[in-house]
2 protein chains.
Amino acid sequence: MKIALVQQIVKTDKKSTIEMTAAMIKEAALQGAELVVLQELHQTPYFCQYEDTGLFDLAESYEEDVAYWAKVAKENGVVLVASLFEKRAPGLYHNTAVVFEKDGSIAGKYRKMHIPDDPGFYEKFYFTPGDLGFNPVDTSVGRLGVLVCWDQWYPEAARLMALKGAQILVYPTAIGWFDKDDEDEKMRQKDAWITIQRGHAVANGLPLVAVNRVGFEKDESGVLDGIRFWGGSFACGPQGEMLAEASEDKDEILYCDIDFKRSEEVRRWWPFLRDRRIDAYGGLLKRFID
Amino acid sequence: MKIALVQQIVKTDKKSTIEMTAAMIKEAALQGAELVVLQELHQTPYFCQYEDTGLFDLAESYEEDVAYWAKVAKENGVVLVASLFEKRAPGLYHNTAVVFEKDGSIAGKYRKMHIPDDPGFYEKFYFTPGDLGFNPVDTSVGRLGVLVCWDQWYPEAARLMALKGAQILVYPTAIGWFDKDDEDEKMRQKDAWITIQRGHAVANGLPLVAVNRVGFEKDESGVLDGIRFWGGSFACGPQGEMLAEASEDKDEILYCDIDFKRSEEVRRWWPFLRDRRIDAYGGLLKRFID
């Protein structure tokens, strides 16, 4: 199955951005991609760099956004993973991945469960933690374990998707550097981000794709300089082996071919699920064990 | 704190092997190591390549073995992580890591919880799964999250150690290649092994050391050729960054300097423990969710 990862420098206006994304999806479909994954919150600049109640306006168009991407999925006959700012009720918003079927219907959605909050990434202000749990989405191309960004640091999230039969882990994400950090620190951060996700692939015997935002986005509040999103979207197989990797600074459609049957082989060699000590994992449900 | 990882080609007889190990520990202590970690089941060849009730004899000396390594730890004034075949009762054996204090007392022990069973690694025949849970061991050099080999594929094990305040993850291990596998497959396996452990370091903001057996050991049953243990003992920091890495084919004392204070910094930047969705992790206690 051919997958396209659309990594994109966002334009300043939403219309230009989504038109460019739609064009990239069209190109991916022409190249034979059956599944297209977009980066986190791909319609706009990453607005969580500062806290502003006015920015909740961006979620007002959620229903229209869903309709737009449904149409794009249908027109191109692809399964599409979009990442949207969902208004659920006044004062109640989510960071939501919506999965569209090839016919434009909604196959399912996932509301980001782990919400970060660090300088420049004030997501706890904008997003209510998801309440749909860790449930993969069934589609015509397979059962997709869709998670979002900060989730990628949590082995628990990947494991739960695997235990529910996900055939692939899918991460739309938006992570980058602060220019003031030194090169060694930047390298450690990006390498940690790749490594932990490859680790999830290994632990669960599943392929994985991560689609990251790219380009520099200024902090309009002026408190920090801004974030240089490091791109580097990638795909790896069920032994964590790298299959494809995108640049750190360019718009790019990255393709990979994934054979779900490979997981069957790998899990026969390394049957980790067989030997989990579920009798001794109770502590995982605690915050800390002190 | 200076740590020494003793990676060693075992001799055919136990006496020569343990004398060599003791000499390497002495050397490590002279070089200033305060913590010495040995490879899995370091006293003998890896006997789990075939099933033979006669091999349980190897565990008969468990009490003597403990006394021997206690003496070595005391003589050299180091905290020592040994990996022994424990006879607990007739017909009841464990793969047990014993942690010795600098004065030769037993600081604690860990009985391998996840037990593999693959062609050439018939551990379910020899080892009863551990019943001490995932509990770090307090020592004069810090709280050690000691796990053993197959445990290293389980994010749950690393997480539980972290939740119980471990300051470092420590893995004695015995993993290798079959010569008949092609080079790509060998590379994927070793890389997966490194990657998932670095992933545990990242997920938990903890440094990690893994000490692997090295050298070719024939399958005396003649069913398979044998295992070429791939060495490659390594240390990484709390961002998963590699600090030191040993060769794939040689006896070696690998040194690394670990500063536990680094975890504090890294966890402030990436406070993963803060955001775990313990309300939604219940499924982790199930075998599979179908």
# chains A, B, ... in the order shown; residues from 1 in each chain; ligands from 1
$ select_by_dssp --residues "region 68-232 of chain A" --states "strand (DSSP E or B)" --output "PyMOL selection string"
chain A and resi 79-89+92-100+106-111+118+121+137-139+142-146+168-173+176-177+208-212+214-218+226-230
$ residues_around --residues "Pro238 (chain A)" --least-positions-apart "2" --cutoff "8 Å" --atoms "only C-alpha atoms" --output "list in words"
Ala201, Val202, Asn204, Gly205, Leu206, Pro207, Leu208, Cys236, Gly240, Glu241, Arg262, Ser263 and Val266 of chain A
$ atom_distance --atom1 "CA of Lys109 (chain B)" --atom2 "CA of Asp249 (chain B)"
29.2 Å
$ closest_residue --among "B:Ala244, B:Ile227, B:Ala158, B:Val66" --to "chain A" --atoms "only C-alpha atoms"
B:Ala158
$ closest_atom_pairs --of "chain A" --to "chain B" --cutoff "7 Å" --atoms "only C-alpha atoms" --output "JSON lines"
{"residue": "A:His114", "atom": "CA", "partner": "B:Asp275", "partner_atom": "CA", "distance": 6.0}
{"residue": "A:Ile115", "atom": "CA", "partner": "B:Asp275", "partner_atom": "CA", "distance": 6.8}
{"residue": "A:Gly133", "atom": "CA", "partner": "B:Ala280", "partner_atom": "CA", "distance": 6.2}
{"residue": "A:Trp153", "atom": "CA", "partner": "B:Ala203", "partner_atom": "CA", "distance": 5.9}
{"residue": "A:Tyr154", "atom": "CA", "partner": "B:Ala203", "partner_atom": "CA", "distance": 6.6}
{"residue": "A:Pro155", "atom": "CA", "partner": "B:Pro155", "partner_atom": "CA", "distance": 6.3}
{"residue": "A:Leu160", "atom": "CA", "partner": "B:Leu284", "partner_atom": "CA", "distance": 6.4}
{"residue": "A:Leu163", "atom": "CA", "partner": "B:Phe288", "partner_atom": "CA", "distance": 4.8}
{"residue": "A:Lys164", "atom": "CA", "partner": "B:Ile289", "partner_atom": "CA", "distance": 5.1}
{"residue": "A:Arg188", "atom": "CA", "partner": "B:Glu241", "partner_atom": "CA", "distance": 6.2}
{"residue": "A:Ala192", "atom": "CA", "partner": "B:Gln239", "partner_atom": "CA", "distance": 5.9}
{"residue": "A:Thr195", "atom": "CA", "partner": "B:Gly199", "partner_atom": "CA", "distance": 5.7}
{"residue": "A:Ile196", "atom": "CA", "partner": "B:Gly199", "partner_atom": "CA", "distance": 4.2}
{"residue": "A:Arg198", "atom": "CA", "partner": "B:Thr195", "partner_atom": "CA", "distance": 6.9}
{"residue": "A:Gly199", "atom": "CA", "partner": "B:Ile196", "partner_atom": "CA", "distance": 4.2}
{"residue": "A:Val202", "atom": "CA", "partner": "B:Ala192", "partner_atom": "CA", "distance": 6.3}
{"residue": "A:Ala203", "atom": "CA", "partner": "B:Trp153", "partner_atom": "CA", "distance": 5.9}
{"residue": "A:Gln239", "atom": "CA", "partner": "B:Ala192", "partner_atom": "CA", "distance": 5.9}
{"residue": "A:Gly240", "atom": "CA", "partner": "B:Ala192", "partner_atom": "CA", "distance": 6.0}
{"residue": "A:Glu241", "atom": "CA", "partner": "B:Arg188", "partner_atom": "CA", "distance": 6.2}
{"residue": "A:Asp275", "atom": "CA", "partner": "B:His114", "partner_atom": "CA", "distance": 6.0}
{"residue": "A:Arg276", "atom": "CA", "partner": "B:His114", "partner_atom": "CA", "distance": 6.7}
{"residue": "A:Arg277", "atom": "CA", "partner": "B:His114", "partner_atom": "CA", "distance": 6.7}
{"residue": "A:Ile278", "atom": "CA", "partner": "B:Leu285", "partner_atom": "CA", "distance": 4.9}
{"residue": "A:Ala280", "atom": "CA", "partner": "B:Gly133", "partner_atom": "CA", "distance": 6.2}
{"residue": "A:Tyr281", "atom": "CA", "partner": "B:Leu285", "partner_atom": "CA", "distance": 6.2}
{"residue": "A:Gly282", "atom": "CA", "partner": "B:Leu285", "partner_atom": "CA", "distance": 6.8}
{"residue": "A:Gly283", "atom": "CA", "partner": "B:Leu160", "partner_atom": "CA", "distance": 6.5}
{"residue": "A:Leu284", "atom": "CA", "partner": "B:Leu160", "partner_atom": "CA", "distance": 6.4}
{"residue": "A:Leu285", "atom": "CA", "partner": "B:Ile278", "partner_atom": "CA", "distance": 4.9}
{"residue": "A:Lys286", "atom": "CA", "partner": "B:Ile278", "partner_atom": "CA", "distance": 6.3}
{"residue": "A:Arg287", "atom": "CA", "partner": "B:Ile278", "partner_atom": "CA", "distance": 6.8}
{"residue": "A:Phe288", "atom": "CA", "partner": "B:Leu163", "partner_atom": "CA", "distance": 4.8}
{"residue": "A:Ile289", "atom": "CA", "partner": "B:Lys164", "partner_atom": "CA", "distance": 5.1}
{"residue": "A:Asp290", "atom": "CA", "partner": "B:Lys164", "partner_atom": "CA", "distance": 6.4}
$ write_last_selection --atoms "C-alpha atoms" --output "tab-separated table (two decimals), in the first residue's frame"
chain	number	residue	atom	x	y	z
A	114	HIS	CA	-1.89	13.83	25.69
A	115	ILE	CA	-1.77	17.62	25.66
A	133	GLY	CA	-9.65	7.01	24.20
A	153	TRP	CA	6.28	10.38	23.44
A	154	TYR	CA	3.99	7.88	25.18
A	155	PRO	CA	4.61	4.16	24.67
A	160	LEU	CA	-3.07	0.55	23.30
A	163	LEU	CA	-3.71	-4.06	21.48
A	164	LYS	CA	-6.79	-2.86	19.61
A	188	ARG	CA	19.50	15.37	20.40
A	192	ALA	CA	15.01	11.55	20.34
A	195	THR	CA	14.09	7.22	18.09
A	196	ILE	CA	11.12	6.99	20.40
A	198	ARG	CA	10.91	3.90	15.88
A	199	GLY	CA	10.87	2.31	19.33
A	202	VAL	CA	9.66	-2.14	17.37
A	203	ALA	CA	7.74	-2.66	20.61
A	239	GLN	CA	11.43	-3.50	13.15
A	240	GLY	CA	11.80	0.26	13.34
A	241	GLU	CA	13.81	0.24	10.11
A	275	ASP	CA	4.95	-12.38	27.04
A	276	ARG	CA	3.58	-9.15	28.47
A	277	ARG	CA	3.31	-9.40	32.29
A	278	ILE	CA	-0.20	-8.02	32.53
A	280	ALA	CA	2.35	-7.02	37.09
A	281	TYR	CA	1.46	-3.86	35.15
A	282	GLY	CA	-1.05	-2.41	37.60
A	283	GLY	CA	1.32	0.41	38.52
A	284	LEU	CA	1.02	1.82	34.99
A	285	LEU	CA	-2.34	3.22	36.04
A	286	LYS	CA	-0.71	5.37	38.72
A	287	ARG	CA	0.75	8.84	38.33
A	288	PHE	CA	3.85	7.87	40.28
A	289	ILE	CA	4.55	5.09	42.72
A	290	ASP	CA	5.88	6.65	45.87
$ select_by_dssp --residues "region 57-131 of chain A" --states "alpha helix (DSSP H)" --output "VMD selection string"
chain A and resid 62 to 76 123 to 126
$ write_last_selection --atoms "C-alpha atoms" --output "tab-separated table (two decimals), in the first residue's frame"
chain	number	residue	atom	x	y	z
A	62	TYR	CA	-14.71	23.08	11.97
A	63	GLU	CA	-17.83	21.75	10.20
A	64	GLU	CA	-16.87	23.52	6.95
A	65	ASP	CA	-13.32	22.20	7.29
A	66	VAL	CA	-14.61	18.66	7.64
A	67	ALA	CA	-16.78	19.11	4.56
A	68	TYR	CA	-13.84	20.53	2.60
A	69	TRP	CA	-11.47	17.64	3.35
A	70	ALA	CA	-14.24	15.11	2.81
A	71	LYS	CA	-14.61	16.52	-0.69
A	72	VAL	CA	-10.86	16.42	-1.31
A	73	ALA	CA	-10.69	12.78	-0.15
A	74	LYS	CA	-13.60	11.83	-2.40
A	75	GLU	CA	-12.33	13.72	-5.45
A	76	ASN	CA	-8.98	11.99	-5.20
A	123	GLU	CA	-1.76	23.59	24.04
A	124	LYS	CA	-3.37	23.10	27.43
A	125	PHE	CA	-4.95	26.51	26.92
A	126	TYR	CA	-6.49	25.58	23.58
$ residues_around --residues "Ala4 (chain A)" --least-positions-apart "4" --cutoff "7 Å" --atoms "only C-alpha atoms" --output "mmCIF file with N, CA and C atoms, in the first residue's frame"
data_model
loop_
_atom_site.group_PDB
_atom_site.id
_atom_site.type_symbol
_atom_site.label_atom_id
_atom_site.label_comp_id
_atom_site.auth_asym_id
_atom_site.auth_seq_id
_atom_site.Cartn_x
_atom_site.Cartn_y
_atom_site.Cartn_z
ATOM 1 N N ALA A 28 -0.363 13.324 -5.025
ATOM 2 C CA ALA A 28 -0.110 12.040 -4.342
ATOM 3 C C ALA A 28 -1.026 10.950 -4.897
ATOM 4 N N ALA A 33 -0.896 6.947 -4.414
ATOM 5 C CA ALA A 33 -1.068 6.836 -2.962
ATOM 6 C C ALA A 33 -2.529 6.516 -2.626
ATOM 7 N N LEU A 35 -3.355 6.203 0.815
ATOM 8 C CA LEU A 35 -3.518 6.845 2.125
ATOM 9 C C LEU A 35 -2.656 8.099 2.127
ATOM 10 N N VAL A 36 -3.264 9.224 2.483
ATOM 11 C CA VAL A 36 -2.521 10.484 2.566
ATOM 12 C C VAL A 36 -2.646 11.019 3.989
ATOM 13 N N VAL A 37 -1.518 11.351 4.570
ATOM 14 C CA VAL A 37 -1.504 11.867 5.945
ATOM 15 C C VAL A 37 -0.965 13.294 5.931
ATOM 16 N N ILE A 253 6.218 15.847 -0.616
ATOM 17 C CA ILE A 253 5.341 14.672 -0.493
ATOM 18 C C ILE A 253 6.279 13.480 -0.402
ATOM 19 N N LEU A 254 6.264 12.846 0.736
ATOM 20 C CA LEU A 254 7.141 11.686 0.937
ATOM 21 C C LEU A 254 6.309 10.419 0.758
ATOM 22 N N TYR A 255 6.806 9.520 -0.094
ATOM 23 C CA TYR A 255 6.062 8.290 -0.352
ATOM 24 C C TYR A 255 6.720 7.102 0.336
ATOM 25 N N CYS A 256 5.908 6.161 0.736
ATOM 26 C CA CYS A 256 6.457 4.885 1.198
ATOM 27 C C CYS A 256 5.478 3.774 0.853
#
$ decode --residues "region 253-277 of chain A" --atoms "N, CA, C and O atoms" --output "compact mmCIF listing (two decimals), in the first residue's frame"
# COMPACT_ATOMS: atom_id res chain seq x y z
N ILE A 253 6.22 15.85 -0.62
CA ILE A 253 5.34 14.67 -0.49
C ILE A 253 6.28 13.48 -0.40
O ILE A 253 7.02 13.19 -1.34
N LEU A 254 6.26 12.85 0.74
CA LEU A 254 7.14 11.69 0.94
C LEU A 254 6.31 10.42 0.76
O LEU A 254 5.25 10.27 1.37
N TYR A 255 6.81 9.52 -0.09
CA TYR A 255 6.06 8.29 -0.35
C TYR A 255 6.72 7.10 0.34
O TYR A 255 7.95 7.05 0.46
N CYS A 256 5.91 6.16 0.74
CA CYS A 256 6.46 4.89 1.20
C CYS A 256 5.48 3.77 0.85
O CYS A 256 4.27 4.01 0.73
N ASP A 257 6.02 2.60 0.64
CA ASP A 257 5.19 1.42 0.40
C ASP A 257 5.22 0.56 1.65
O ASP A 257 6.30 0.21 2.13
N ILE A 258 4.05 0.27 2.18
CA ILE A 258 3.97 -0.51 3.40
C ILE A 258 3.23 -1.82 3.11
O ILE A 258 2.16 -1.81 2.49
N ASP A 259 3.84 -2.90 3.56
CA ASP A 259 3.21 -4.21 3.43
C ASP A 259 2.83 -4.69 4.82
O ASP A 259 3.71 -5.06 5.62
N PHE A 260 1.54 -4.67 5.13
CA PHE A 260 1.11 -5.04 6.48
C PHE A 260 1.48 -6.49 6.81
O PHE A 260 1.56 -6.85 7.99
N LYS A 261 1.68 -7.30 5.80
CA LYS A 261 2.01 -8.71 6.08
C LYS A 261 3.37 -8.85 6.77
O LYS A 261 3.64 -9.83 7.45
N ARG A 262 4.21 -7.85 6.59
CA ARG A 262 5.52 -7.88 7.25
C ARG A 262 5.39 -7.95 8.78
O ARG A 262 6.20 -8.59 9.45
N SER A 263 4.35 -7.31 9.33
CA SER A 263 4.14 -7.35 10.78
C SER A 263 3.93 -8.78 11.26
O SER A 263 4.37 -9.15 12.35
N GLU A 264 3.21 -9.55 10.47
CA GLU A 264 2.96 -10.94 10.85
C GLU A 264 4.29 -11.68 11.00
O GLU A 264 4.52 -12.37 12.00
N GLU A 265 5.18 -11.52 10.04
CA GLU A 265 6.49 -12.17 10.10
C GLU A 265 7.27 -11.72 11.33
O GLU A 265 7.80 -12.53 12.10
N VAL A 266 7.35 -10.40 11.48
CA VAL A 266 8.17 -9.84 12.56
C VAL A 266 7.64 -10.27 13.92
O VAL A 266 8.41 -10.62 14.82
N ARG A 267 6.33 -10.28 14.06
CA ARG A 267 5.76 -10.68 15.36
C ARG A 267 5.92 -12.18 15.61
O ARG A 267 5.85 -12.61 16.76
N ARG A 268 6.08 -12.98 14.57
CA ARG A 268 6.36 -14.40 14.82
C ARG A 268 7.78 -14.58 15.35
O ARG A 268 8.02 -15.42 16.20
N TRP A 269 8.70 -13.76 14.83
CA TRP A 269 10.08 -13.85 15.32
C TRP A 269 10.19 -13.28 16.73
O TRP A 269 10.90 -13.81 17.57
N TRP A 270 9.54 -12.14 16.91
CA TRP A 270 9.65 -11.43 18.18
C TRP A 270 8.25 -11.25 18.74
O TRP A 270 7.66 -10.16 18.64
N PRO A 271 7.73 -12.29 19.38
CA PRO A 271 6.32 -12.26 19.82
C PRO A 271 6.15 -11.56 21.17
O PRO A 271 5.80 -12.17 22.17
N PHE A 272 6.41 -10.26 21.14
CA PHE A 272 6.39 -9.51 22.40
C PHE A 272 5.03 -9.53 23.08
O PHE A 272 4.93 -9.52 24.30
N LEU A 273 3.97 -9.52 22.26
CA LEU A 273 2.64 -9.47 22.88
C LEU A 273 2.37 -10.72 23.72
O LEU A 273 1.63 -10.66 24.71
N ARG A 274 2.95 -11.83 23.33
CA ARG A 274 2.76 -13.09 24.04
C ARG A 274 3.20 -13.00 25.51
O ARG A 274 2.58 -13.58 26.40
N ASP A 275 4.29 -12.28 25.73
CA ASP A 275 4.95 -12.38 27.04
C ASP A 275 4.74 -11.18 27.96
O ASP A 275 5.39 -11.07 29.00
N ARG A 276 3.83 -10.29 27.59
CA ARG A 276 3.58 -9.15 28.47
C ARG A 276 3.11 -9.63 29.85
O ARG A 276 2.28 -10.51 29.94
N ARG A 277 3.65 -9.00 30.90
CA ARG A 277 3.31 -9.40 32.29
C ARG A 277 2.13 -8.58 32.79
O ARG A 277 2.29 -7.74 33.70
